[in-house]
Amino acid sequence: MQPCATLNASKANFDAIYDQPDPRGYFSVLGALDYMIPDVAAPVIRQILQARQKRSGHPPTVLDVGCSYGINAVVHRFPLSFRHLRLRYANPEMAAVDPEALAQFDRHYYGSWPHIGAARFVGLDVSAPAVRYAASVGLLDAGVIGNFETDAPRPEDRRALHEVDVVLSTGCIGYVTEKTFAAILDSMDRPPWVVSFALRMFPYKAIAAVFAERGLVTEKLAGATFVQRRFRDLTEFSNCLATLEKLGLDTAGLEAEGCFHAELFVSRPREDVAAAPLGRLVTVVSGRNRTVGTRFVRVGRGAAAQVLRVPS
Ligand SMILES: C[S@@+](CC[C@H](N)C(=O)[O-])C[C@H]1O[C@@H](n2cnc3c(N)ncnc32)[C@H](O)[C@@H]1O
């Protein structure tokens with residue numbers, strides 16, 4: 001199997017926008033590529049957080065792995081989305097202010113929305129400016145700056161991870177591997193639920209093995225994929241399709257239509273899986289792949305339109 005670093009080379013490099021003092025570059029560049037995974041994943045994540053809260057009796061503490069500027073915290077703490085923020089930062093007046101003034105505006109902005117209260121957030125990211133921004137505008141209860149691919153968690157990192165109930169990641173598998181997840185789990189004093197949205201081009205087997213060694217059972221949500229973003233250019237498109245084909249995966253109707261697709265993996269203690277398997281825990285309301293039975297489809301426009309009956 002190819003290592004993640006090799007697979008990651010099939011994707012465009014966005015390091016420059018991950019490491020800025022504020023999120024404007026992130027929303028401008030990824031927004032222009034219709035990056036949407038935090039929003040597309042949100043209804044599913046919300047159902048999982050609710051299930052976890054029901055089990056433990058309190059709103060869960062989430063560790064957002066690769067938290068960047070705190071986007072998942074925004075989406076699950078406030079009635080806001082990636083799309084809202086993209087519009088906010090695209091405003092020409094917003095583009096003109098300096099990073100300190102922007103952070104002050106953002107502190108007030110988040111302070112002016114009612115909390116949904118779905119979770120508390122601890123953020124982990126290798127980018128110090130991103131974590132500092134997210135903490136400074138009030139999105140994170142705690143921020144961990146670190147790269148557990150190469151370095152062991154420090155005592156203060158372990159303390160921040162102690163209370164975590166749910167380990168979440170969107171758009172980060174590939175940058176992080178089983179090494180990061182092993183370091184996280186070994187820093188915790190109780191088994192978490194782990195919720196990962198992983199691009200299909202990054203095999204999840206080695207990560208699931210790390211969880212199995214620590215007593216967690218991994219399920220993949222059947223019958224649904226989640227669009228992450230459009231391909232940046234022809235090179236990225238061709239590389240991704242070639243990678244998936246090498247892995248023996250059919251791209252028809254998915255990546256071949258022009259977007260990266262992620263899958264949902266959830267790892268939990270065996271008794272929690274037995275009490276409610278993943279398929280019962282979450283419902284994907286917007287998934288076209290979840291339709292069962294005959295569908296009627298209109299092809300073409302105007303007088304030339306034809307209605308076809310498509311069997312499932
Ligand atoms: C595509 S962004 C995803 C951000 C956010 N989760 C979202 O969906 O909008 C990937 C993030 O992974 C972070 N990252 C890359 N390598 C990492 C590592 N070894 N440990 C933690 N974070 C890492 C990057 O700094 C960046 O913020």
# chains A, B, ... in the order shown; residues from 1 in each chain; ligands from 1

call {"tool": "residues_around", "arguments": {"residues": "Val217 in chain A", "least_positions_apart": "6", "cutoff": "8 Å", "atoms": "only C-alpha atoms", "output": "list in words"}}
result
Ala208, Phe211, Ser267, Arg268, Pro269, Arg270 and Val273 of chain A

call {"tool": "residues_near_ligand", "arguments": {"ligand": "ligand 1", "cutoff": "7 Å", "atoms": "only C-alpha atoms and all ligand atoms", "output": "number ranges by chain"}}
result
A: 15, 18-19, 37-38, 65-68, 71-72, 124-127, 146-149, 169-172, 175-176

call {"tool": "residues_around", "arguments": {"residues": "range 195-203 of chain A", "least_positions_apart": "2", "cutoff": "6 Å", "atoms": "only C-alpha atoms", "output": "JSON, numbers by chain"}}
result
{"A": [168, 169, 170, 173, 205, 244, 261, 262, 263, 264, 265, 266]}

call {"tool": "write_last_selection", "arguments": {"atoms": "N, CA and C atoms", "output": "short mmCIF file (atom, residue, chain, number, x, y, z; two decimals), in the first residue's frame"}}
result
data_model
loop_
_atom_site.label_atom_id
_atom_site.label_comp_id
_atom_site.auth_asym_id
_atom_site.auth_seq_id
_atom_site.Cartn_x
_atom_site.Cartn_y
_atom_site.Cartn_z
N LEU A 168 -12.78 14.39 16.34
CA LEU A 168 -13.42 14.69 15.05
C LEU A 168 -12.37 15.15 14.04
N SER A 169 -12.54 14.79 12.77
CA SER A 169 -11.71 15.45 11.76
C SER A 169 -12.46 15.55 10.44
N THR A 170 -12.32 16.73 9.81
CA THR A 170 -12.80 16.93 8.44
C THR A 170 -11.61 17.49 7.65
N ILE A 173 -7.45 13.89 7.28
CA ILE A 173 -6.81 12.57 7.10
C ILE A 173 -5.95 12.66 5.84
N LYS A 205 -7.57 1.78 6.71
CA LYS A 205 -7.29 0.51 7.39
C LYS A 205 -6.30 0.64 8.55
N LEU A 244 -7.23 6.52 -7.17
CA LEU A 244 -8.38 5.69 -6.78
C LEU A 244 -8.45 4.43 -7.62
N HIS A 261 -14.59 13.07 -2.90
CA HIS A 261 -15.63 12.53 -2.02
C HIS A 261 -14.99 11.91 -0.78
N ALA A 262 -15.60 12.19 0.36
CA ALA A 262 -15.14 11.61 1.63
C ALA A 262 -16.14 10.57 2.10
N GLU A 263 -15.64 9.67 2.95
CA GLU A 263 -16.51 8.69 3.60
C GLU A 263 -16.47 8.93 5.11
N LEU A 264 -17.52 8.46 5.77
CA LEU A 264 -17.59 8.63 7.23
C LEU A 264 -17.22 7.34 7.94
N PHE A 265 -16.23 7.43 8.83
CA PHE A 265 -15.85 6.31 9.69
C PHE A 265 -16.09 6.74 11.14
N VAL A 266 -16.72 5.86 11.91
CA VAL A 266 -16.93 6.15 13.33
C VAL A 266 -16.42 4.96 14.14
#

call {"tool": "select_by_dssp", "arguments": {"residues": "range 205-306 of chain A", "states": "strand (DSSP E)", "output": "list in words"}}
result
Leu216, Val217, Thr218, Glu219, Lys220, Phe226, Val227, Gln228, Arg229, Arg230, Cys259, Phe260, His261, Ala262, Glu263, Leu264, Phe265, Val266, Ser267, Arg268, Pro269, Arg295, Phe296, Val297, Arg298, Val299 and Gln306 of chain A

call {"tool": "select_by_dssp", "arguments": {"residues": "range 27-272 of chain A", "states": "helix (DSSP H, G or I)", "output": "MDAnalysis selection string"}}
result
chainID A and resid 27:32 37:56 71:77 82:90 92:96 99:111 128:136 155:161 178:185 205:213 234:246 255:257 270:272

call {"tool": "closest_residue", "arguments": {"among": "A:Glu255, A:Gly215, A:Asn13, A:Lys179", "to": "Glu271 in chain A", "atoms": "only C-alpha atoms"}}
result
A:Gly215

call {"tool": "closest_atom_pairs", "arguments": {"of": "range 112-201 of chain A", "to": "range 84-106 of chain A", "cutoff": "12 Å", "atoms": "only C-alpha atoms", "output": "CSV"}}
result
residue,atom,partner,partner_atom,distance
A:Ser112,CA,A:Asp106,CA,9.7
A:Trp113,CA,A:Asp106,CA,11.2
A:Pro129,CA,A:Pro99,CA,11.0
A:Ala130,CA,A:Ala103,CA,11.6
A:Arg132,CA,A:Ala103,CA,10.4
A:Tyr133,CA,A:Ala103,CA,7.2
A:Ala134,CA,A:Ala103,CA,9.1
A:Ala135,CA,A:Ala103,CA,10.3
A:Ser136,CA,A:Ala103,CA,7.4
A:Val137,CA,A:Asp106,CA,6.0
A:Gly138,CA,A:Asp106,CA,8.8
A:Leu139,CA,A:Asp106,CA,9.9

call {"tool": "write_last_selection", "arguments": {"atoms": "C-alpha atoms", "output": "short mmCIF file (atom, residue, chain, number, x, y, z; two decimals), in the first residue's frame"}}
result
data_model
loop_
_atom_site.label_atom_id
_atom_site.label_comp_id
_atom_site.auth_asym_id
_atom_site.auth_seq_id
_atom_site.Cartn_x
_atom_site.Cartn_y
_atom_site.Cartn_z
CA SER A 112 -23.21 38.15 19.14
CA TRP A 113 -24.64 34.75 18.13
CA PRO A 129 -1.26 31.06 13.79
CA ALA A 130 -4.49 29.19 12.99
CA ARG A 132 -3.99 31.10 18.09
CA TYR A 133 -6.56 32.89 15.95
CA ALA A 134 -9.29 30.32 16.79
CA ALA A 135 -8.55 30.55 20.53
CA SER A 136 -8.27 34.35 20.50
CA VAL A 137 -11.70 34.91 18.92
CA GLY A 138 -13.33 32.55 21.43
CA LEU A 139 -13.96 29.47 19.28
#

call {"tool": "closest_residue", "arguments": {"among": "A:Val144, A:Ala51, A:Ala160, A:Ala9", "to": "Ala119 in chain A", "atoms": "only C-alpha atoms"}}
result
A:Ala51

call {"tool": "decode", "arguments": {"residues": "range 131-167 of chain A", "atoms": "N, CA and C atoms", "output": "CSV table (one decimal), in the first residue's frame"}}
result
chain,number,residue,atom,x,y,z
A,131,VAL,N,-4.4,28.1,15.2
A,131,VAL,CA,-4.9,27.7,16.5
A,131,VAL,C,-5.0,29.0,17.4
A,132,ARG,N,-4.0,29.9,17.3
A,132,ARG,CA,-4.0,31.1,18.1
A,132,ARG,C,-5.2,32.0,17.7
A,133,TYR,N,-5.4,32.1,16.4
A,133,TYR,CA,-6.6,32.9,16.0
A,133,TYR,C,-7.9,32.3,16.5
A,134,ALA,N,-8.0,31.0,16.4
A,134,ALA,CA,-9.3,30.3,16.8
A,134,ALA,C,-9.5,30.5,18.3
A,135,ALA,N,-8.4,30.4,19.1
A,135,ALA,CA,-8.5,30.6,20.5
A,135,ALA,C,-8.8,32.0,20.8
A,136,SER,N,-8.2,32.9,20.1
A,136,SER,CA,-8.3,34.3,20.5
A,136,SER,C,-9.7,34.9,20.2
A,137,VAL,N,-10.4,34.4,19.2
A,137,VAL,CA,-11.7,34.9,18.9
A,137,VAL,C,-12.8,34.1,19.7
A,138,GLY,N,-12.4,33.2,20.5
A,138,GLY,CA,-13.3,32.6,21.4
A,138,GLY,C,-14.0,31.3,20.9
A,139,LEU,N,-13.4,30.7,19.8
A,139,LEU,CA,-14.0,29.5,19.3
A,139,LEU,C,-13.5,28.2,20.0
A,140,LEU,N,-12.3,28.2,20.6
A,140,LEU,CA,-11.8,27.0,21.3
A,140,LEU,C,-11.7,27.2,22.8
A,141,ASP,N,-12.1,26.2,23.5
A,141,ASP,CA,-11.8,26.2,24.9
A,141,ASP,C,-10.4,26.0,25.2
A,142,ALA,N,-9.7,25.2,24.4
A,142,ALA,CA,-8.3,25.0,24.5
A,142,ALA,C,-7.7,24.7,23.1
A,143,GLY,N,-6.5,25.1,22.9
A,143,GLY,CA,-5.8,24.9,21.6
A,143,GLY,C,-4.5,24.2,21.8
A,144,VAL,N,-4.3,23.2,21.0
A,144,VAL,CA,-3.0,22.4,21.0
A,144,VAL,C,-2.3,22.6,19.7
A,145,ILE,N,-1.1,23.2,19.8
A,145,ILE,CA,-0.3,23.4,18.6
A,145,ILE,C,0.7,22.3,18.5
A,146,GLY,N,0.6,21.4,17.5
A,146,GLY,CA,1.5,20.3,17.5
A,146,GLY,C,1.4,19.4,16.3
A,147,ASN,N,2.5,18.6,16.1
A,147,ASN,CA,2.5,17.7,15.0
A,147,ASN,C,2.8,16.3,15.5
A,148,PHE,N,1.8,15.5,15.8
A,148,PHE,CA,2.0,14.2,16.4
A,148,PHE,C,2.4,13.2,15.4
A,149,GLU,N,2.6,13.6,14.2
A,149,GLU,CA,3.2,12.7,13.2
A,149,GLU,C,4.7,12.5,13.5
A,150,THR,N,5.3,13.6,14.1
A,150,THR,CA,6.7,13.6,14.3
A,150,THR,C,7.1,13.8,15.8
A,151,ASP,N,6.2,14.4,16.6
A,151,ASP,CA,6.6,14.7,18.0
A,151,ASP,C,5.5,14.1,18.9
A,152,ALA,N,6.0,13.7,20.1
A,152,ALA,CA,5.1,13.1,21.1
A,152,ALA,C,4.4,14.3,21.7
A,153,PRO,N,3.1,14.1,22.2
A,153,PRO,CA,2.4,15.1,22.9
A,153,PRO,C,3.1,15.5,24.2
A,154,ARG,N,3.2,16.8,24.4
A,154,ARG,CA,3.8,17.3,25.7
A,154,ARG,C,2.8,17.2,26.8
A,155,PRO,N,3.3,17.3,28.1
A,155,PRO,CA,2.4,17.1,29.2
A,155,PRO,C,1.2,18.0,29.1
A,156,GLU,N,1.4,19.3,28.7
A,156,GLU,CA,0.3,20.2,28.6
A,156,GLU,C,-0.7,19.8,27.5
A,157,ASP,N,-0.2,19.2,26.4
A,157,ASP,CA,-1.1,18.7,25.4
A,157,ASP,C,-1.9,17.5,26.0
A,158,ARG,N,-1.3,16.7,26.7
A,158,ARG,CA,-2.0,15.5,27.3
A,158,ARG,C,-3.1,16.0,28.2
A,159,ARG,N,-2.8,17.1,29.0
A,159,ARG,CA,-3.8,17.6,29.9
A,159,ARG,C,-5.0,18.1,29.1
A,160,ALA,N,-4.8,18.8,28.0
A,160,ALA,CA,-5.9,19.3,27.2
A,160,ALA,C,-6.7,18.2,26.6
A,161,LEU,N,-6.1,17.0,26.4
A,161,LEU,CA,-6.8,15.9,25.7
A,161,LEU,C,-7.6,15.0,26.7
A,162,HIS,N,-7.2,15.1,28.0
A,162,HIS,CA,-7.8,14.3,29.0
A,162,HIS,C,-9.3,14.1,29.0
A,163,GLU,N,-10.0,15.3,28.8
A,163,GLU,CA,-11.4,15.4,29.0
A,163,GLU,C,-12.2,15.2,27.7
A,164,VAL,N,-11.5,14.8,26.7
A,164,VAL,CA,-12.2,14.7,25.3
A,164,VAL,C,-13.1,13.5,25.3
A,165,ASP,N,-14.3,13.7,24.7
A,165,ASP,CA,-15.3,12.7,24.5
A,165,ASP,C,-15.3,12.2,23.0
A,166,VAL,N,-15.1,13.2,22.1
A,166,VAL,CA,-15.3,12.8,20.7
A,166,VAL,C,-14.0,13.4,19.9
A,167,VAL,N,-13.4,12.6,19.1
A,167,VAL,CA,-12.3,13.0,18.3
A,167,VAL,C,-12.8,13.2,16.9
